[in-house]
Amino acid sequence: MSRQMTGAQMVVKALKDQGVDTIFGYPGGAVLPIYDEIFQQNDIRHVLVRHEQAAVHAAEGYARSTGKPGVALVTSGPGATNAVTGLTDALMDSIPIVVLTGQVPTFMIGNDAFQEADTVGITRPCTKHNWLVKETEKLPGVIHQAFHVATKGRPGPVLVDIPKDVQFASARYTSPEKAPVGHYQPRTKGDATAIAELARMMETAERPILYTGGGVINSGDEATRLLRELAGATNFPVTSTLMGLGAYPASGDNWLGMLGMHGLYEANMAMHGCDLMICVGARFDDRITGRVDAFSPNSKKAHIDIDPSSINKVIHVDVPIIGDVASVLGDLLEVWKERGAKTNEEGIARWWSQISEWKKTRCLDYAPSKETIKPQHAVERLEALTRDHPKRYITTEVGQHQMWAAQYLHFNEPNRWMTSGGLGTMGYGFPASVGVQMAHPDALVINVAGEASWLMNMQEMGTVAQYRLPVKQFILNNERLGMVRQWQELLHGERYSHSWSESLPDFVKLAESFGIKGLTVSDPADLDDAIREMLDHDGPVIFDCLVEKHENCFPMIPSGAPHNEMLLGNASTKDAIGSKGAVLV
Amino acid sequence: MSPLKIKKGTSKHSAYDLRSNYADTQETHTLAVIVDNEAGVLARVIGLFSGRGYNIDSLTVAEIDHQGHRSRITVVTTGTPQVIEQIKSQLSRMVPVYEVHDLTVEGPSVERELALLKVVGEGEKRVEALRLADIFRANVVDSTLESFVFEITGPPEKIDAFAELMRPLGLEEVARTGVAALSRGGSGSLGVASDKVTADVTGGANA
């Protein structure tokens with residue numbers, strides 16, 4: 001099995017043995033030996049991005065849409081530092097990726113060599129774990145362990161830093177089966193006592209809610225199936241975080257819509273008023289909780305999470321269950337059925353009638369316009385014209401458009417929605433769409449973007465042109481940093497400090513300069529035809545949708561406010577945020 | 001709906017410690033963290049504390065098992081019960097961490113610290129310093145005609161008290177090791193690569 005080979009050969013061999021078919025990268029001096037090996041084989045496709053940040057986001061898009069770890073390969077120094085944003089993004093959103101970085105030769109480390117950076121030092125706080133490999137014989141074992149760490153437990157980014165002399169030197173290769181098993185083995189099975197307690201609570205709850213998150217999707221298809229079974233069998237309403245959209249289908253009977261700062265009125269009110277909250281693979285993020293001391297004051301809370309540090313971090317819960325979502329939900333359903341599959345049907349019926357009252361608020365309504373394209377309208381039309389596509393994948397940038405996409409697009413399956421939730425990385429969506437399209441060549445991949453975010457990684461036009469990736473860049477162009485502008489309106493006396501996009505390019509000409517199709521639309525009457533033209537084009541499209549410039553994103557829980565004090569579209573926004581809320585982000 | 005029937009503070013899994021989340025009393029805890037003795041592991045632990053704004057009152061680290069490649073980090077930290085639980089969970093989920101033990105809640109423990117104190121003085125002060133050193137069972141490890149270096153071992157409070165007494169007597173310099181701590185009694189050869197620990201590790205007891 002094991003045979004002598006160079007470190008660079010080991011890298012390629014180890015990736016193959018880990019089942020990697022695609023990597024995203026950018027060459028440089030310190031990774032030349034690895035690139036030389038990539039050149040001499042055909043099993044692994046290498047996608048040349050135009051910036052290392054994009055390599056990591058593309059790997060994230062690949063990972064999020066497939067459930068497999070994404071891989072990026074970049075050089076030392078600036079290659080590694082450019083990867084930092086992507087690593088942090090993946091850490092915040094628990095995305096499994098493996099980033100390989102070149103490093104100056106071991107004998108030059110510490111000498112301020114050309115393109116040297118303390119990569120493991122810099123990336124220590126933004127990876128789940130990282131390694132600097134100083135001996136070639138340890139390299140295959142470390143790479144195999146890197147895949148193990150990235151995917152087991154709460155997934156996350158890992159980084160392996162490989163000095164150039166280690167890539168040149170030879171040693172014996174170790175296959176994944178023979179690689180030393182680290183002691184990192186997070187527990188996946190939930191505590192039986194706690195699960196039984198939750199089953200008991202489910203029987204009597206009058207106002208239950210399932211609050212689900214990205215952990216359901218990370219756990220895999222079985223977790224999604226069990227969540228749907230649980231919601232169906234109990235008739236409990238389901239809401240989800242931004243990261244969890246698609247785990248429970250938006251077309252499902254129990255769906256309330258997304259919750260949180262820009263979540264739906266009914267979802268937030270149900271969170272506030274419930275008597276049993278079952279948090280499944282979510283982490284009580286500040287975008288979700290609003291004011292912590294007023295968060296869902298009258299509920300018992302259960303929290304299912306594979307990461308013990310997520311529990312009681314923000315919100316004190318009554319029933320903590322540490323384990324993998326699929327394993328815990330499986331056990332929970334079993335126990336609950338054994339006990340007779342009972343619920344408080346009367347109470348739950350009253351609960352649903354209360355929820356339907358809240359739904360009457362129609363919180364996503366907005367003032368339509370015949371003159372300008374309302375951004376909500378653009379997303380609604382995109383939804384209408386693509387919802388029947390069997391393989392639709394959506395990525396987003398960060399800002400208002402991201403929230404509108406989350407509100408108006410509907411996801412019926414997991415892994416179809418790629419967005420930067422925790423870190424809020426502008427510039428995520430375009431490269432992520434590259435990663436998704438590489439993983440799913442025949443899928444319809446749309447990046448719902450704002451023009452400001454999109455410009456942050458627009459160099460990836462080169463990548464999509466080179467690989468003929470038919471990604472659709474659906475840019476809601478309001479010539480503003482819309483979310484910043486909205487906050488300045490609410491918080492800073494309408495002083496719009498540096499929140500507009502001056503000197504924007506002509507997106508059509510820009511696209512054409514890369515040999516890509518460009519489209520622009522500004523009249524609501526032309527919108528549907530333009531979207532159809534975008535969808536029908538067999539290739540990448542830059543779609544410049546000129547929208548209303550001063551539209552605000554509602555509903556909104558202002559900073560420092562609890563769930564039941566939401567701003568709706570028609571509400572006065574003046575002085576909506578107090579001085580305490582103003583210091584929050 | 002009755003609360004979970006798990007006794008407070010009995011489990012090493014932080015989540016089952018059901019003290020009130022909102023208690024804002026500051027507690028000082030001594031944690032023993034058994035880690036892989038790999039490059040950068042101390043930076044990881046320290047980075048966790050500084051990155052998340054936790055306190056380090058004292059920190060010691062040394063390899064305890066050369067064969068098993070293990071080091072023991074002893075951290076004394078202060079925070080609300082919720083923060084202490086967070087620290088333990090955050091430490092436990094780090095990849096090179098084998099075990100985290102809260103010696104403060106896991107039964108009685110012994111804590112010791114070693115300090116070297118340089119006291120410079122003449123005449124009566126010098127005699128008094130020597131007399132106090134005797135009371136505190138500090139050893140003289142270096143002496144000149146106008147100075148002593150005392151070596152003292154004990155719990156941190158004892159060293160604090162001794163240093164305080166030396167201050168008016170010409171205390172010039174102090175070097176302290178930080179706290180090393182072990183649980184009392186016969187149980188737990190923790191961190192040393194005996195058969196028992198190996199079994200724990202492969203059994204995946206540490207989430």
# chains A, B, ... in the order shown; residues from 1 in each chain; ligands from 1

$ select_by_dssp --residues "stretch 1-205 of chain B" --states "alpha helix (DSSP H)" --output "MDAnalysis selection string"
chainID B and resid 41:51 81:92 123:135 156:166 195:202

$ interface_residues --of "chain A" --to "chain B" --cutoff "10 Å" --atoms "only C-alpha atoms" --output "MDAnalysis selection string"
chainID A and resid 120:121 124:125 128:132 149 153:154 181:188 193:194 196:198 200:202 204:205 293 300 306:323

$ select_by_dssp --residues "stretch 442-520 of chain A" --states "strand (DSSP E)" --output "list of chain:residue names"
A:Leu444, A:Val445, A:Ile446, A:Asn447, A:Val448, A:Ala449, A:Gly450, A:Lys472, A:Gln473, A:Phe474, A:Ile475, A:Leu476, A:Asn477, A:Lys517, A:Gly518, A:Leu519, A:Thr520

$ write_last_selection --atoms "N, CA, C and O atoms" --output "mmCIF file, in the first residue's frame"
data_model
loop_
_atom_site.group_PDB
_atom_site.id
_atom_site.type_symbol
_atom_site.label_atom_id
_atom_site.label_comp_id
_atom_site.auth_asym_id
_atom_site.auth_seq_id
_atom_site.Cartn_x
_atom_site.Cartn_y
_atom_site.Cartn_z
ATOM 1 N N LEU A 444 -29.381 25.105 -11.945
ATOM 2 C CA LEU A 444 -29.573 26.547 -12.121
ATOM 3 C C LEU A 444 -29.045 27.230 -10.860
ATOM 4 O O LEU A 444 -29.603 27.074 -9.773
ATOM 5 N N VAL A 445 -27.941 27.948 -11.000
ATOM 6 C CA VAL A 445 -27.319 28.589 -9.844
ATOM 7 C C VAL A 445 -27.455 30.103 -9.978
ATOM 8 O O VAL A 445 -26.988 30.691 -10.955
ATOM 9 N N ILE A 446 -28.137 30.699 -9.018
ATOM 10 C CA ILE A 446 -28.378 32.140 -9.063
ATOM 11 C C ILE A 446 -27.766 32.785 -7.827
ATOM 12 O O ILE A 446 -27.999 32.336 -6.704
ATOM 13 N N ASN A 447 -26.983 33.810 -8.048
ATOM 14 C CA ASN A 447 -26.489 34.608 -6.930
ATOM 15 C C ASN A 447 -27.334 35.868 -6.835
ATOM 16 O O ASN A 447 -27.276 36.725 -7.711
ATOM 17 N N VAL A 448 -28.160 35.934 -5.783
ATOM 18 C CA VAL A 448 -28.929 37.154 -5.554
ATOM 19 C C VAL A 448 -27.994 38.141 -4.851
ATOM 20 O O VAL A 448 -27.514 37.860 -3.753
ATOM 21 N N ALA A 449 -27.723 39.256 -5.490
ATOM 22 C CA ALA A 449 -26.652 40.137 -5.021
ATOM 23 C C ALA A 449 -27.126 41.582 -4.916
ATOM 24 O O ALA A 449 -28.146 41.968 -5.474
ATOM 25 N N GLY A 450 -26.351 42.353 -4.172
ATOM 26 C CA GLY A 450 -26.456 43.800 -4.248
ATOM 27 C C GLY A 450 -25.243 44.278 -5.017
ATOM 28 O O GLY A 450 -24.222 43.581 -5.047
ATOM 29 N N LYS A 472 -25.949 32.723 -12.741
ATOM 30 C CA LYS A 472 -26.710 33.946 -13.005
ATOM 31 C C LYS A 472 -26.480 34.918 -11.848
ATOM 32 O O LYS A 472 -26.802 34.589 -10.694
ATOM 33 N N GLN A 473 -25.929 36.058 -12.166
ATOM 34 C CA GLN A 473 -25.668 37.070 -11.132
ATOM 35 C C GLN A 473 -26.825 38.063 -11.136
ATOM 36 O O GLN A 473 -26.900 38.950 -11.974
ATOM 37 N N PHE A 474 -27.750 37.871 -10.204
ATOM 38 C CA PHE A 474 -28.981 38.647 -10.155
ATOM 39 C C PHE A 474 -28.746 39.826 -9.211
ATOM 40 O O PHE A 474 -28.917 39.722 -7.991
ATOM 41 N N ILE A 475 -28.323 40.959 -9.787
ATOM 42 C CA ILE A 475 -27.885 42.081 -8.963
ATOM 43 C C ILE A 475 -29.018 43.080 -8.769
ATOM 44 O O ILE A 475 -29.520 43.666 -9.731
ATOM 45 N N LEU A 476 -29.449 43.246 -7.507
ATOM 46 C CA LEU A 476 -30.439 44.274 -7.182
ATOM 47 C C LEU A 476 -29.655 45.563 -6.962
ATOM 48 O O LEU A 476 -29.059 45.769 -5.910
ATOM 49 N N ASN A 477 -29.652 46.372 -7.991
ATOM 50 C CA ASN A 477 -28.785 47.547 -7.987
ATOM 51 C C ASN A 477 -29.562 48.774 -7.528
ATOM 52 O O ASN A 477 -30.379 49.316 -8.261
ATOM 53 N N LYS A 517 -22.613 37.448 -21.026
ATOM 54 C CA LYS A 517 -23.821 38.185 -21.355
ATOM 55 C C LYS A 517 -24.171 39.142 -20.212
ATOM 56 O O LYS A 517 -24.144 38.769 -19.037
ATOM 57 N N GLY A 518 -24.495 40.364 -20.586
ATOM 58 C CA GLY A 518 -24.960 41.340 -19.607
ATOM 59 C C GLY A 518 -26.371 41.766 -19.946
ATOM 60 O O GLY A 518 -26.747 41.852 -21.120
ATOM 61 N N LEU A 519 -27.173 42.002 -18.909
ATOM 62 C CA LEU A 519 -28.553 42.447 -19.115
ATOM 63 C C LEU A 519 -28.838 43.570 -18.134
ATOM 64 O O LEU A 519 -28.350 43.546 -17.005
ATOM 65 N N THR A 520 -29.627 44.513 -18.549
ATOM 66 C CA THR A 520 -30.046 45.517 -17.569
ATOM 67 C C THR A 520 -31.536 45.756 -17.726
ATOM 68 O O THR A 520 -32.084 45.665 -18.829
#

$ closest_residue --among "B:Gly186, B:Pro156, B:Gly79, B:Gly170" --to "B:Gly123" --atoms "only C-alpha atoms"
B:Gly170

$ atom_distance --atom1 "atom CA of A:His46" --atom2 "atom CA of A:Ile143"
17.9 Å

$ residues_around --residues "B:Ala163" --least-positions-apart "2" --cutoff "10 Å" --atoms "only C-alpha atoms" --output "ChimeraX atom specification"
/B:115-119,152,157-161,165-169,171,173-174

$ write_last_selection --atoms "all heavy atoms" --output "short mmCIF file (atom, residue, chain, number, x, y, z; two decimals), in the first residue's frame"
data_model
loop_
_atom_site.label_atom_id
_atom_site.label_comp_id
_atom_site.auth_asym_id
_atom_site.auth_seq_id
_atom_site.Cartn_x
_atom_site.Cartn_y
_atom_site.Cartn_z
N ALA B 115 7.54 30.27 44.60
CA ALA B 115 7.95 31.64 44.31
C ALA B 115 9.38 31.86 44.79
O ALA B 115 9.83 31.23 45.75
CB ALA B 115 7.02 32.63 44.99
N LEU B 116 10.09 32.71 44.09
CA LEU B 116 11.41 33.16 44.52
C LEU B 116 11.29 34.65 44.81
O LEU B 116 10.70 35.39 44.00
CB LEU B 116 12.45 32.92 43.42
CG LEU B 116 12.68 31.45 43.02
CD1 LEU B 116 13.58 31.38 41.80
CD2 LEU B 116 13.27 30.67 44.17
N LEU B 117 11.80 35.07 45.98
CA LEU B 117 11.69 36.48 46.35
C LEU B 117 13.07 37.01 46.73
O LEU B 117 13.77 36.39 47.55
CB LEU B 117 10.75 36.68 47.55
CG LEU B 117 9.30 36.24 47.35
CD1 LEU B 117 9.10 34.82 47.84
CD2 LEU B 117 8.35 37.18 48.07
N LYS B 118 13.44 38.10 46.13
CA LYS B 118 14.72 38.73 46.47
C LYS B 118 14.46 39.88 47.44
O LYS B 118 13.68 40.79 47.13
CB LYS B 118 15.42 39.24 45.21
CG LYS B 118 16.80 39.84 45.50
CD LYS B 118 17.53 40.22 44.22
CE LYS B 118 18.04 38.98 43.50
NZ LYS B 118 18.76 39.34 42.25
N VAL B 119 15.08 39.78 48.61
CA VAL B 119 14.89 40.80 49.65
C VAL B 119 16.25 41.43 49.95
O VAL B 119 17.21 40.73 50.27
CB VAL B 119 14.30 40.17 50.92
CG1 VAL B 119 14.11 41.23 52.00
CG2 VAL B 119 12.96 39.50 50.60
N ILE B 152 9.86 29.80 48.33
CA ILE B 152 8.71 29.44 49.15
C ILE B 152 7.71 28.67 48.30
O ILE B 152 7.51 28.99 47.12
CB ILE B 152 8.06 30.69 49.79
CG1 ILE B 152 6.87 30.28 50.66
CG2 ILE B 152 7.64 31.72 48.76
CD1 ILE B 152 6.36 31.40 51.56
N GLU B 157 -2.23 32.05 48.37
CA GLU B 157 -2.51 33.03 49.43
C GLU B 157 -1.33 33.13 50.38
O GLU B 157 -1.02 34.20 50.92
CB GLU B 157 -3.77 32.64 50.23
CG GLU B 157 -5.02 32.40 49.40
CD GLU B 157 -5.03 31.03 48.74
OE1 GLU B 157 -4.86 30.02 49.46
OE2 GLU B 157 -5.18 30.97 47.51
N LYS B 158 -0.70 31.97 50.63
CA LYS B 158 0.45 31.96 51.53
C LYS B 158 1.59 32.79 50.92
O LYS B 158 2.26 33.57 51.62
CB LYS B 158 0.90 30.52 51.77
CG LYS B 158 2.15 30.40 52.62
CD LYS B 158 2.57 28.93 52.75
CE LYS B 158 3.98 28.82 53.32
NZ LYS B 158 4.44 27.42 53.37
N ILE B 159 1.76 32.65 49.63
CA ILE B 159 2.83 33.40 48.96
C ILE B 159 2.50 34.90 48.95
O ILE B 159 3.35 35.74 49.19
CB ILE B 159 3.05 32.84 47.54
CG1 ILE B 159 3.60 31.42 47.66
CG2 ILE B 159 4.01 33.73 46.75
CD1 ILE B 159 3.65 30.65 46.38
N ASP B 160 1.23 35.19 48.73
CA ASP B 160 0.78 36.60 48.79
C ASP B 160 1.13 37.19 50.15
O ASP B 160 1.67 38.30 50.26
CB ASP B 160 -0.74 36.69 48.61
CG ASP B 160 -1.17 36.39 47.18
OD1 ASP B 160 -0.29 36.40 46.29
OD2 ASP B 160 -2.37 36.15 46.97
N ALA B 161 0.79 36.42 51.20
CA ALA B 161 1.01 36.90 52.57
C ALA B 161 2.50 37.11 52.83
O ALA B 161 2.90 38.13 53.40
CB ALA B 161 0.41 35.91 53.56
N LEU B 165 4.55 40.67 53.60
CA LEU B 165 5.39 40.90 54.77
C LEU B 165 6.80 41.33 54.38
O LEU B 165 7.46 42.09 55.09
CB LEU B 165 5.46 39.62 55.63
CG LEU B 165 4.19 39.30 56.42
CD1 LEU B 165 4.30 37.92 57.03
CD2 LEU B 165 3.97 40.34 57.51
N MET B 166 7.27 40.84 53.26
CA MET B 166 8.63 41.15 52.82
C MET B 166 8.73 42.57 52.25
O MET B 166 9.82 43.14 52.19
CB MET B 166 9.10 40.15 51.76
CG MET B 166 9.40 38.75 52.27
SD MET B 166 10.73 38.73 53.48
CE MET B 166 9.87 38.10 54.89
N ARG B 167 7.60 43.08 51.81
CA ARG B 167 7.63 44.37 51.13
C ARG B 167 8.34 45.46 51.93
O ARG B 167 9.31 46.05 51.45
CB ARG B 167 6.20 44.80 50.76
CG ARG B 167 6.13 45.85 49.67
CD ARG B 167 4.69 46.09 49.26
NE ARG B 167 4.08 44.91 48.65
CZ ARG B 167 4.26 44.56 47.38
NH1 ARG B 167 5.03 45.28 46.60
NH2 ARG B 167 3.68 43.49 46.89
N PRO B 168 7.94 45.70 53.23
CA PRO B 168 8.63 46.74 53.99
C PRO B 168 10.05 46.35 54.39
O PRO B 168 10.83 47.19 54.84
CB PRO B 168 7.75 46.91 55.24
CG PRO B 168 6.98 45.64 55.35
CD PRO B 168 6.79 45.13 53.98
N LEU B 169 10.39 45.06 54.19
CA LEU B 169 11.72 44.60 54.59
C LEU B 169 12.70 44.62 53.43
O LEU B 169 13.79 44.07 53.53
CB LEU B 169 11.63 43.20 55.20
CG LEU B 169 10.69 43.09 56.42
CD1 LEU B 169 10.60 41.65 56.90
CD2 LEU B 169 11.16 43.99 57.56
N LEU B 171 11.75 44.05 49.81
CA LEU B 171 11.43 43.16 48.68
C LEU B 171 11.78 43.86 47.36
O LEU B 171 11.29 44.95 47.09
CB LEU B 171 9.94 42.79 48.70
CG LEU B 171 9.48 41.84 47.62
CD1 LEU B 171 10.11 40.46 47.80
CD2 LEU B 171 7.95 41.72 47.63
N GLU B 173 12.32 41.89 44.17
CA GLU B 173 11.93 41.16 42.97
C GLU B 173 11.19 39.89 43.35
O GLU B 173 11.54 39.25 44.35
CB GLU B 173 13.21 40.78 42.20
CG GLU B 173 13.13 40.99 40.70
CD GLU B 173 14.45 40.64 40.03
OE1 GLU B 173 15.52 40.90 40.60
OE2 GLU B 173 14.38 40.09 38.92
N VAL B 174 10.16 39.56 42.55
CA VAL B 174 9.43 38.32 42.80
C VAL B 174 9.31 37.54 41.50
O VAL B 174 9.02 38.13 40.46
CB VAL B 174 7.99 38.60 43.33
CG1 VAL B 174 7.27 37.30 43.66
CG2 VAL B 174 8.01 39.52 44.54
#
